[in-house]
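Q: This is the content of query_30.txt (compact mmCIF, C-alpha atoms and all ligand atoms):
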# COMPACT_ATOMS: atom_id res chain seq x y z
CA MET W 1 0.00 0.00 0.00
CA ASP W 2 2.64 2.50 1.08
CA LYS W 3 4.75 1.99 -2.04
CA ILE W 4 1.80 2.67 -4.33
CA ILE W 5 0.84 5.77 -2.33
CA GLU W 6 4.45 6.97 -2.52
CA LYS W 7 4.40 6.63 -6.30
CA ILE W 8 1.05 8.39 -6.61
CA SER W 9 2.23 11.12 -4.30
CA ALA W 10 5.42 11.62 -6.33
CA MET W 11 3.39 11.93 -9.52
CA GLY W 12 0.96 14.38 -7.92
CA VAL W 13 -1.84 13.71 -10.37
CA VAL W 14 -3.69 10.56 -11.37
CA PRO W 15 -5.46 10.60 -14.72
CA VAL W 16 -8.90 8.99 -14.51
CA VAL W 17 -9.27 7.41 -17.93
CA ALA W 18 -12.45 6.15 -19.61
CA ILE W 19 -11.60 3.84 -22.48
CA GLU W 20 -14.27 2.59 -24.87
CA ASN W 21 -11.92 0.51 -26.98
CA ALA W 22 -9.36 -1.60 -25.08
CA SER W 23 -6.87 -1.55 -27.96
CA ASP W 24 -6.49 2.23 -27.48
CA ALA W 25 -4.73 1.43 -24.21
CA VAL W 26 -1.49 0.71 -26.07
CA ARG W 27 -1.19 4.20 -27.57
CA LEU W 28 -2.46 5.71 -24.34
CA GLY W 29 0.40 3.98 -22.53
CA GLU W 30 2.90 5.44 -24.99
CA ALA W 31 1.46 8.95 -24.55
CA LEU W 32 1.56 8.70 -20.75
CA ILE W 33 5.14 7.47 -20.69
CA GLU W 34 6.34 10.01 -23.25
CA GLY W 35 4.42 12.75 -21.43
CA GLY W 36 6.21 11.81 -18.19
CA LEU W 37 3.25 10.50 -16.18
CA PRO W 38 3.38 6.70 -16.07
CA CYS W 39 0.11 6.21 -14.24
CA ALA W 40 -3.57 5.68 -15.07
CA GLU W 41 -6.73 4.95 -13.16
CA ILE W 42 -8.90 3.13 -15.66
CA THR W 43 -12.50 3.79 -14.76
CA PHE W 44 -15.08 1.01 -14.75
CA ARG W 45 -17.53 3.44 -16.32
CA THR W 46 -16.96 1.66 -19.61
CA THR W 47 -17.39 -2.03 -20.38
CA ALA W 48 -13.89 -2.12 -21.88
CA ALA W 49 -12.25 -1.17 -18.56
CA ALA W 50 -10.99 -4.61 -17.52
CA SER W 51 -9.62 -5.48 -20.95
CA ALA W 52 -8.05 -2.00 -21.20
CA ILE W 53 -6.27 -2.63 -17.88
CA ARG W 54 -5.04 -5.99 -19.15
CA THR W 55 -3.86 -4.48 -22.44
CA LEU W 56 -2.10 -1.56 -20.73
CA CYS W 57 -0.37 -3.78 -18.16
CA ASN W 58 0.85 -6.11 -20.91
CA SER W 59 1.97 -3.39 -23.33
CA HIS W 60 3.56 -1.08 -20.73
CA PRO W 61 4.51 -3.00 -17.57
CA GLY W 62 6.24 0.12 -16.21
CA ILE W 63 2.98 2.04 -15.88
CA LEU W 64 1.18 2.11 -12.55
CA VAL W 65 -2.31 0.95 -13.49
CA GLY W 66 -5.23 1.23 -11.11
CA ALA W 67 -8.95 0.61 -11.43
CA GLY W 68 -11.43 3.36 -10.68
CA THR W 69 -15.18 3.67 -10.14
CA ILE W 70 -15.14 0.27 -8.45
CA LEU W 71 -18.60 -0.12 -6.95
CA THR W 72 -18.69 -3.80 -5.96
CA LYS W 73 -16.39 -6.52 -4.70
CA SER W 74 -16.99 -8.37 -7.93
CA ASP W 75 -15.69 -5.36 -9.95
CA ALA W 76 -12.65 -5.26 -7.68
CA GLU W 77 -11.98 -8.96 -8.34
CA THR W 78 -12.30 -8.40 -12.09
CA ALA W 79 -9.97 -5.38 -11.95
CA VAL W 80 -7.29 -7.13 -9.91
CA ASP W 81 -7.52 -10.23 -12.11
CA ALA W 82 -6.92 -7.96 -15.12
CA GLY W 83 -3.76 -6.60 -13.49
CA ALA W 84 -4.83 -3.47 -11.58
CA SER W 85 -2.26 -2.56 -8.91
CA PHE W 86 -4.67 -0.48 -6.89
CA VAL W 87 -8.39 0.09 -6.51
CA VAL W 88 -10.21 3.42 -6.21
CA THR W 89 -13.86 3.67 -5.19
CA PRO W 90 -16.16 6.70 -5.29
CA GLY W 91 -17.92 5.79 -2.04
CA PHE W 92 -17.01 3.96 1.15
CA ASP W 93 -18.15 0.31 1.03
CA GLY W 94 -16.82 -1.58 4.05
CA ASP W 95 -17.13 -5.05 2.45
CA LEU W 96 -15.33 -3.95 -0.68
CA VAL W 97 -12.56 -2.24 1.30
CA ASP W 98 -12.19 -5.28 3.58
CA TRP W 99 -11.83 -7.55 0.56
CA CYS W 100 -9.03 -5.37 -0.83
CA LEU W 101 -7.27 -5.30 2.54
CA ASP W 102 -7.61 -9.09 2.91
CA GLN W 103 -6.04 -9.51 -0.52
CA SER W 104 -3.34 -6.90 0.21
CA ILE W 105 -4.60 -4.80 -2.70
CA PRO W 106 -3.95 -1.10 -2.14
CA VAL W 107 -7.30 0.65 -1.97
CA ILE W 108 -8.15 4.35 -1.97
CA PRO W 109 -11.79 4.50 -0.95
CA GLY W 110 -13.94 7.52 -1.59
CA VAL W 111 -15.11 9.64 1.33
CA MET W 112 -17.09 12.84 1.57
CA THR W 113 -18.08 13.10 5.23
CA PRO W 114 -16.46 12.72 8.66
CA THR W 115 -18.54 9.54 9.10
CA ASP W 116 -16.93 8.05 6.00
CA ILE W 117 -13.48 9.06 7.25
CA ASN W 118 -14.15 7.34 10.57
CA ALA W 119 -15.07 4.13 8.76
CA ALA W 120 -11.70 4.33 6.97
CA ILE W 121 -9.81 5.06 10.19
CA ASN W 122 -11.39 1.95 11.72
CA ARG W 123 -9.64 0.00 8.97
CA LYS W 124 -6.35 1.81 9.54
CA LEU W 125 -6.49 3.57 6.18
CA ASN W 126 -4.99 7.03 6.03
CA VAL W 127 -5.06 7.96 2.34
CA LEU W 128 -8.57 8.49 1.00
CA LYS W 129 -10.19 9.82 -2.14
CA PHE W 130 -12.17 12.99 -1.42
CA PHE W 131 -15.08 12.81 -3.83
CA PRO W 132 -16.73 14.74 -5.39
CA ALA W 133 -14.13 17.31 -4.37
CA GLU W 134 -15.42 20.54 -5.87
CA ALA W 135 -19.10 19.81 -5.24
CA ALA W 136 -18.33 18.81 -1.65
CA GLY W 137 -16.70 22.13 -0.76
CA GLY W 138 -13.27 21.64 -2.31
CA VAL W 139 -10.28 23.30 -0.70
CA LYS W 140 -12.42 24.88 2.03
CA THR W 141 -13.73 21.49 3.17
CA LEU W 142 -10.28 19.89 3.06
CA LYS W 143 -8.90 22.67 5.25
CA ALA W 144 -11.75 22.24 7.75
CA ILE W 145 -11.30 18.46 7.81
CA SER W 146 -7.58 18.79 8.54
CA GLY W 147 -8.44 19.92 12.07
CA PRO W 148 -9.97 16.76 13.53
CA TYR W 149 -8.40 14.46 10.93
CA GLY W 150 -4.82 15.72 10.97
CA SER W 151 -3.28 12.37 10.11
CA ILE W 152 -5.48 11.68 7.09
CA LYS W 153 -4.34 12.51 3.55
CA PHE W 154 -6.57 12.90 0.54
CA VAL W 155 -6.66 12.42 -3.21
CA PRO W 156 -9.32 14.96 -4.19
CA THR W 157 -11.18 14.02 -7.36
CA GLY W 158 -14.25 15.42 -9.05
CA GLY W 159 -14.22 18.85 -10.64
CA ILE W 160 -10.43 19.24 -10.56
CA THR W 161 -8.98 21.05 -13.58
CA LEU W 162 -5.74 22.58 -14.74
CA GLY W 163 -7.15 25.82 -13.33
CA ASN W 164 -7.63 24.67 -9.72
CA VAL W 165 -5.21 21.77 -9.28
CA GLU W 166 -2.51 24.00 -7.79
CA GLU W 167 -4.79 25.14 -4.95
CA TYR W 168 -5.40 21.50 -4.02
CA LEU W 169 -1.82 20.31 -4.36
CA SER W 170 -0.67 23.14 -2.12
CA LEU W 171 -2.66 21.74 0.81
CA PRO W 172 -0.58 19.71 3.28
CA ASN W 173 -3.30 17.03 3.51
CA VAL W 174 -3.42 16.40 -0.26
CA VAL W 175 -1.07 13.74 -1.68
CA ALA W 176 -2.31 13.94 -5.27
CA CYS W 177 -5.31 14.94 -7.35
CA GLY W 178 -7.31 12.70 -9.64
CA GLY W 179 -9.54 13.51 -12.54
CA SER W 180 -10.75 12.98 -16.04
CA TRP W 181 -9.58 16.47 -17.13
CA LEU W 182 -6.09 15.13 -17.78
CA VAL W 183 -6.82 12.50 -20.40
CA LYS W 184 -10.12 13.28 -22.08
CA LYS W 185 -12.25 10.43 -23.36
CA ALA W 186 -12.91 12.28 -26.64
CA LEU W 187 -9.17 12.60 -27.36
CA ILE W 188 -8.72 8.85 -26.93
CA SER W 189 -11.71 8.02 -29.14
CA SER W 190 -10.45 10.34 -31.87
CA GLY W 191 -6.90 8.96 -31.63
CA GLU W 192 -5.32 12.28 -30.65
CA PHE W 193 -2.52 10.76 -28.63
CA ASP W 194 -0.02 13.50 -29.46
CA THR W 195 -2.42 16.02 -27.93
CA ILE W 196 -2.77 13.80 -24.86
CA LYS W 197 1.02 13.63 -24.61
CA SER W 198 1.33 17.44 -24.76
CA LEU W 199 -1.40 17.96 -22.17
CA VAL W 200 0.18 15.40 -19.87
CA ARG W 201 3.56 17.09 -20.27
CA GLU W 202 2.02 20.45 -19.38
CA VAL W 203 0.49 19.03 -16.20
CA VAL W 204 3.72 17.26 -15.24
CA GLN W 205 5.59 20.58 -15.54
CA LEU W 206 2.97 22.28 -13.38
CA VAL W 207 3.21 19.57 -10.72
CA ASP W 208 7.02 19.76 -10.76
CA ARG W 209 6.80 23.49 -10.21
CA ILE W 210 4.33 23.11 -7.32
CA GLN W 211 6.33 20.30 -5.68
CA ASP W 212 9.57 22.29 -5.96
CA LYS W 213 8.08 25.23 -4.05
C1 LIG N 1 -14.07 9.83 -10.91
O1 LIG N 1 -14.62 9.01 -11.64
O2 LIG N 1 -13.16 9.59 -10.13
C2 LIG N 1 -14.52 11.23 -10.98
O3 LIG N 1 -15.85 11.28 -11.38
C3 LIG N 1 -13.73 12.05 -11.88
O4 LIG N 1 -14.25 13.33 -11.75
P1 LIG N 1 -14.01 14.40 -12.89
O5 LIG N 1 -14.59 13.80 -14.15
O6 LIG N 1 -14.75 15.63 -12.45
O7 LIG N 1 -12.55 14.60 -12.98
Please render this file's structure as structure tokens.
A:
Amino acid sequence: MDKIIEKISAMGVVPVVAIENASDAVRLGEALIEGGLPCAEITFRTTAAASAIRTLCNSHPGILVGAGTILTKSDAETAVDAGASFVVTPGFDGDLVDWCLDQSIPVIPGVMTPTDINAAINRKLNVLKFFPAEAAGGVKTLKAISGPYGSIKFVPTGGITLGNVEEYLSLPNVVACGGSWLVKKALISSGEFDTIKSLVREVVQLVDRIQDK
């Protein structure tokens, strides 16, 4: 768990990627590596998610591949079987989280309330997805939460963009930000991998600048 969190934290951003056609994962992998961000959270919002994870893991073993939008234990099993190295969930499901912990699969469960955070603390988890970040009060909420929950770190996701990512990454309780703004579904579908590479590069430079501060 800690190693995966360290890698995510070093990268600073995690692209949430929706892939309709699993074979696109190969060129996506190239674009991510060449752009300098060898990481992807493949969302289970599309039916191709598991095969895209398998394809990406096989074509680019150096990329950190996680599974996102995992809603059930069965989805988690499918994702891990396909090669996902970590699991991200939008909400806190105790059974699903327990399964991941039993299998030693790093899991970043979604939380939005102090009650959710307590459920995570009961399972000794200290890095959680804050979702949906912007709609749930964004930076203001994360600052307020840092009082009682000083030891908990977050990966805010939901409504993060190039325009507000710096505000989030500057918070001491944020390890990284997630979001679909980084690798847009439409760019994958239209095969614009050079554009994806340039956008990824731009974000990597921004993160480097923020982390160097
Ligand atoms: C997710 O699936 O993790 C989030 O819905 C991504 O949110 P975004 O599309 O606003 O980045």
Q: Show which residues sit within 7 Å of range 120-134 of chain W, as a list in words. Count all atoms listed in the file, and ignore same-chain residues fewer than 2 positions away.
A: Pro90, Ile108, Pro109, Gly110, Val111, Met112, Asp116, Ile117, Asn118, Ala136, Gly137, Gly138, Ser151, Ile152, Lys153, Phe154, Val155, Pro156, Thr157, Gly158, Gly159 and Ile160 of chain W
Q: Would you mind telling me which residue in W:Ile105, W:Ala119, W:Ile196, W:Leu28 lies nearest to Lys184 in chain W when using all atoms listed in the file?
A: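 Going through W:Ile105, W:Ala119, W:Ile196, W:Leu28 one by one, the smallest distance to Lys184 in chain W is for W:Ile196.
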Q: Around all of ligand LIG 1 (chain N)'s listed atoms, make the axis-aligned box with 8 Å on each side and tell me centre and edge lengths in Å to one decimal, as AutoDock Vina command-line options.
A:
--center_x -14.2 --center_y 12.3 --center_z -12.1 --size_x 19.3 --size_y 22.6 --size_z 20.0
Q: Give me, as CSV, the closest atom pair and its distance (Å, one decimal) for every residue of range 93-207 of chain W within a cut-off of 9 Å of range 57-78 of chain W, counting all atoms listed in the file, rows sorted by chain and rising number.
A:
residue,atom,partner,partner_atom,distance
W:Asp93,CA,W:Leu71,CA,8.0
W:Asp95,CA,W:Lys73,CA,7.3
W:Leu96,CA,W:Lys73,CA,4.9
W:Val97,CA,W:Lys73,CA,8.3
W:Trp99,CA,W:Lys73,CA,7.0
W:Cys100,CA,W:Ala76,CA,7.7
Q: Just the residues within 12 Å of Ala186 in chain W, please, counting all atoms listed in the file, with nothing from its chain fewer than 3 positions along; format it as a list in words.
A: Val17, Ala18, Ile19, Glu20, Asn21, Asp24, Ser180, Trp181, Leu182, Val183, Ser189, Ser190, Gly191, Glu192, Phe193, Thr195 and Ile196 of chain W
Q: Considering only C-alpha atoms and all ligand atoms, state which residue in the set W:Ser104, W:Thr115, W:Thr46, W:Thr55 is at the smallest distance from ligand LIG 1 (chain N).
A: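 Nearest to ligand LIG 1 (chain N): W:Thr46.
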Q: Quick one: range 99-115 of chain W with N, CA, C and O atoms, as a JSON list (two decimals), keeping the file's coordinate frame?
A:
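Resulting contents of part09.json:
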[["chain", "number", "residue", "atom", "x", "y", "z"],
["W", 99, "TRP", "N", -12.31, -6.56, 1.53],
["W", 99, "TRP", "CA", -11.83, -7.55, 0.56],
["W", 99, "TRP", "C", -10.45, -7.12, 0.05],
["W", 99, "TRP", "O", -9.52, -7.93, -0.01],
["W", 100, "CYS", "N", -10.33, -5.86, -0.32],
["W", 100, "CYS", "CA", -9.03, -5.37, -0.83],
["W", 100, "CYS", "C", -7.95, -5.55, 0.24],
["W", 100, "CYS", "O", -6.84, -6.01, -0.06],
["W", 101, "LEU", "N", -8.27, -5.19, 1.47],
["W", 101, "LEU", "CA", -7.27, -5.30, 2.54],
["W", 101, "LEU", "C", -6.89, -6.76, 2.77],
["W", 101, "LEU", "O", -5.72, -7.08, 2.94],
["W", 102, "ASP", "N", -7.90, -7.65, 2.74],
["W", 102, "ASP", "CA", -7.61, -9.09, 2.91],
["W", 102, "ASP", "C", -6.68, -9.61, 1.82],
["W", 102, "ASP", "O", -5.86, -10.49, 2.04],
["W", 103, "GLN", "N", -6.85, -9.05, 0.61],
["W", 103, "GLN", "CA", -6.04, -9.51, -0.52],
["W", 103, "GLN", "C", -4.73, -8.72, -0.65],
["W", 103, "GLN", "O", -4.00, -8.89, -1.62],
["W", 104, "SER", "N", -4.51, -7.80, 0.29],
["W", 104, "SER", "CA", -3.34, -6.90, 0.21],
["W", 104, "SER", "C", -3.33, -6.08, -1.07],
["W", 104, "SER", "O", -2.27, -5.83, -1.66],
["W", 105, "ILE", "N", -4.49, -5.68, -1.53],
["W", 105, "ILE", "CA", -4.60, -4.80, -2.70],
["W", 105, "ILE", "C", -4.74, -3.37, -2.19],
["W", 105, "ILE", "O", -5.67, -3.07, -1.44],
["W", 106, "PRO", "N", -3.81, -2.50, -2.57],
["W", 106, "PRO", "CA", -3.95, -1.10, -2.14],
["W", 106, "PRO", "C", -5.29, -0.53, -2.58],
["W", 106, "PRO", "O", -5.69, -0.70, -3.74],
["W", 107, "VAL", "N", -5.97, 0.11, -1.66],
["W", 107, "VAL", "CA", -7.30, 0.65, -1.97],
["W", 107, "VAL", "C", -7.38, 2.10, -1.48],
["W", 107, "VAL", "O", -6.90, 2.42, -0.39],
["W", 108, "ILE", "N", -7.93, 2.95, -2.34],
["W", 108, "ILE", "CA", -8.15, 4.35, -1.97],
["W", 108, "ILE", "C", -9.66, 4.57, -2.04],
["W", 108, "ILE", "O", -10.21, 4.87, -3.11],
["W", 109, "PRO", "N", -10.34, 4.39, -0.91],
["W", 109, "PRO", "CA", -11.79, 4.50, -0.95],
["W", 109, "PRO", "C", -12.25, 5.96, -0.92],
["W", 109, "PRO", "O", -11.60, 6.82, -0.35],
["W", 110, "GLY", "N", -13.39, 6.18, -1.55],
["W", 110, "GLY", "CA", -13.94, 7.52, -1.59],
["W", 110, "GLY", "C", -14.63, 7.87, -0.28],
["W", 110, "GLY", "O", -15.32, 7.05, 0.32],
["W", 111, "VAL", "N", -14.42, 9.12, 0.15],
["W", 111, "VAL", "CA", -15.11, 9.64, 1.33],
["W", 111, "VAL", "C", -15.58, 11.05, 1.02],
["W", 111, "VAL", "O", -15.01, 11.74, 0.19],
["W", 112, "MET", "N", -16.64, 11.45, 1.72],
["W", 112, "MET", "CA", -17.09, 12.84, 1.57],
["W", 112, "MET", "C", -17.43, 13.44, 2.92],
["W", 112, "MET", "O", -17.49, 14.66, 3.05],
["W", 113, "THR", "N", -17.64, 12.59, 3.92],
["W", 113, "THR", "CA", -18.08, 13.10, 5.23],
["W", 113, "THR", "C", -17.16, 12.59, 6.34],
["W", 113, "THR", "O", -16.45, 11.58, 6.15],
["W", 114, "PRO", "N", -17.21, 13.23, 7.52],
["W", 114, "PRO", "CA", -16.46, 12.72, 8.66],
["W", 114, "PRO", "C", -16.86, 11.28, 9.01],
["W", 114, "PRO", "O", -16.00, 10.48, 9.40],
["W", 115, "THR", "N", -18.10, 10.93, 8.81],
["W", 115, "THR", "CA", -18.54, 9.54, 9.10],
["W", 115, "THR", "C", -17.79, 8.55, 8.21],
["W", 115, "THR", "O", -17.32, 7.50, 8.67]]
